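K.L.:
Got a structure for you, questions after.
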Amino acid sequence: MSSVLHPPSSGQDPLLAARYRPISSHLAIAPPVSVVIPAMNEAENLPYVFKTLPDWIHEVVLVDGNSTDNTVEVARELWPKVKVVPQQGKGKGDALITGFEACTGDIIVMVDADGSADGGEIVSYVSALVSGADFAKGSRFANGGGTDDMTFIRKLGNRVLCAVVNRKFGARYTDLCYGYNAFWRHCLDKIELDCTGFEVETLMNIRVVKAGLKVQEIPSYEYLRIHGASNLRAVRDGLRVLKVILKERSNRRELRRQERHSPMLAAYPADLGETS
């Protein structure tokens, strides 16, 4: 798999041009892009979500969390070739892992089903990946980003937790708990996701750093959920995120302890995903 930047050209060999998907007036890519959308009872929001998705996307994978409304029917009407995958477990993390397994694209993009994300930003994420990044991380607090959907308490909690991750894992994040991300499929082999809840986003952000992957933040604007109520709870979910951070820190210390007591491990620290 290669990261390919290629400008469209009217004089190009038609067979060669067929390998590329134009994503803007001056950029085309060869890698197919899969978009994963976890959804449960989001029929009213899906029209807004699908309306913003670029037509050059290779596939849309909708993970249905046992919806009791017509979420699946609406998705198929809006995007006839949508790949619908029933979720067997529970939680956002479980839904994303299920969706990732169903993807066939080389690039995977995570998009929420509540209408808070602008699919038009996908071009920025994909551009970062084909330009050399392994993981394109959305940030509401990077220059050019923003949010309409965070209370003061949530902003404060996100800032504190982000500072902890930056200090403990050597990251340089401006946003931690945000689910609009994109990455090369091969990254999944290095981060081994095993989290079923909302805190999966934090887990991914920590493990890509621990794995030594190249991360690029993408300014992103988060809009208000259009219909329905969010399942997020600031204190409950903040504590779950903190628990993930502490667990990952503990695991890192254990690896370092093993290195000190094992000459073989000490000789190959890169295999353990250590970045510092």
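To be explicit about the labels: the chains of the structure tokens are called A, B, and onward in the order shown, and within each one the residues are counted from 1, while ligands get numbers from 1 in the order they are shown.
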When you look at Glu199 (chain A) with a cut-off of 10 Å (counting only C-alpha atoms), what residues show up, excluding the ones that are within fewer than 5 positions of it in the same chain? I need them as a list in words.

P.N.:
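Counting only the stated atoms, we get Gly91, Lys92, Gly93, Cys177, Tyr178, Gly179, Met204, Asp237, Gly238, Leu239, Arg240, Val241, Leu242, Lys243, Val244 and Ile245 of chain A.
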
K.L.:
Using DSSP on the backbone coordinates, identify the residues of region 197-229 of chain A assigned to helix (DSSP H, G or I); present them as a JSON list (two decimals) with N, CA, C and O atoms, in the first residue's frame.

P.N.:
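The new file selection-v4.json reads:
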```json
[["chain", "number", "residue", "atom", "x", "y", "z"],
["A", 200, "VAL", "N", -13.18, 4.72, 23.95],
["A", 200, "VAL", "CA", -12.36, 4.12, 22.88],
["A", 200, "VAL", "C", -11.55, 5.18, 22.15],
["A", 200, "VAL", "O", -10.44, 4.92, 21.69],
["A", 201, "GLU", "N", -12.12, 6.39, 22.02],
["A", 201, "GLU", "CA", -11.42, 7.45, 21.30],
["A", 201, "GLU", "C", -10.13, 7.84, 22.02],
["A", 201, "GLU", "O", -9.08, 8.05, 21.40],
["A", 202, "THR", "N", -10.21, 7.93, 23.35],
["A", 202, "THR", "CA", -9.02, 8.23, 24.13],
["A", 202, "THR", "C", -8.00, 7.10, 24.02],
["A", 202, "THR", "O", -6.80, 7.34, 23.88],
["A", 203, "LEU", "N", -8.48, 5.87, 24.07],
["A", 203, "LEU", "CA", -7.59, 4.71, 23.95],
["A", 203, "LEU", "C", -6.83, 4.75, 22.63],
["A", 203, "LEU", "O", -5.62, 4.50, 22.59],
["A", 204, "MET", "N", -7.52, 5.04, 21.55],
["A", 204, "MET", "CA", -6.87, 5.12, 20.24],
["A", 204, "MET", "C", -5.80, 6.20, 20.24],
["A", 204, "MET", "O", -4.69, 5.99, 19.75],
["A", 205, "ASN", "N", -6.13, 7.38, 20.80],
["A", 205, "ASN", "CA", -5.18, 8.49, 20.81],
["A", 205, "ASN", "C", -3.92, 8.15, 21.59],
["A", 205, "ASN", "O", -2.81, 8.57, 21.22],
["A", 206, "ILE", "N", -4.08, 7.40, 22.67],
["A", 206, "ILE", "CA", -2.92, 7.01, 23.47],
["A", 206, "ILE", "C", -2.09, 5.95, 22.76],
["A", 206, "ILE", "O", -0.86, 6.05, 22.68],
["A", 207, "ARG", "N", -2.76, 4.96, 22.20],
["A", 207, "ARG", "CA", -2.02, 3.84, 21.62],
["A", 207, "ARG", "C", -1.32, 4.18, 20.32],
["A", 207, "ARG", "O", -0.30, 3.57, 20.00],
["A", 208, "VAL", "N", -1.82, 5.15, 19.55],
["A", 208, "VAL", "CA", -1.09, 5.52, 18.34],
["A", 208, "VAL", "C", 0.23, 6.20, 18.72],
["A", 208, "VAL", "O", 1.23, 6.05, 18.02],
["A", 209, "VAL", "N", 0.22, 6.94, 19.84],
["A", 209, "VAL", "CA", 1.46, 7.56, 20.31],
["A", 209, "VAL", "C", 2.41, 6.49, 20.84],
["A", 209, "VAL", "O", 3.61, 6.50, 20.54],
["A", 210, "LYS", "N", 1.89, 5.56, 21.63],
["A", 210, "LYS", "CA", 2.72, 4.49, 22.17],
["A", 210, "LYS", "C", 3.32, 3.63, 21.06],
["A", 210, "LYS", "O", 4.41, 3.08, 21.21]]
```

K.L.:
Pick out the closest residue to Gly105 (chain A) from this set: A:Arg225, A:Arg159, A:Val61, A:Pro22. Count only C-alpha atoms.

P.N.:
A:Val61

K.L.:
CA of Ala102 (chain A) and CA of Lys81 (chain A), how far apart in Å?

P.N.:
14.0 Å

K.L.:
I want to know what sits within 12 Å of region 168-172 of chain A, based on only C-alpha atoms, with residues of the same chain fewer than 5 positions away left out; could you give that as number ranges by chain?

P.N.:
A: 137, 139, 142, 161-163, 203, 205-217, 245-253, 273-276

K.L.:
How far is it from CA of Glu44 (chain A) to CA of Tyr223 (chain A), in Å with one decimal?

P.N.:
15.6 Å

K.L.:
By how many Å are CA of Leu27 (chain A) and CA of Trp184 (chain A) apart?

P.N.:
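Computed distance, CA of Leu27 (chain A) to CA of Trp184 (chain A), equals 18.3 Å.
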
K.L.:
Residues within 10 Å of Leu78 (chain A), please, as a list in words. Count only C-alpha atoms; anything in the same chain fewer than 4 positions from it doesn't count.

P.N.:
Leu46, Pro47, Val49, Phe50, Lys51, Val72, Glu73, Val74 and Val82 of chain A

K.L.:
As number ranges by chain, list the residues of region 9-223 of chain A assigned to strand (DSSP E) by DSSP on the backbone atoms of this structure.

P.N.:
A: 21-24, 27-29, 33-39, 59-64, 83-86, 107-110, 135-139, 146-147, 181-184, 215-219, 221-222

K.L.:
Nearest residue to Glu121 (chain A) out of A:Asn158, A:Ile29, A:Phe198, A:Pro219, using only C-alpha atoms?

P.N.:
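Looking only at the distances to Glu121 (chain A), the closest residue turns out to be A:Pro219.
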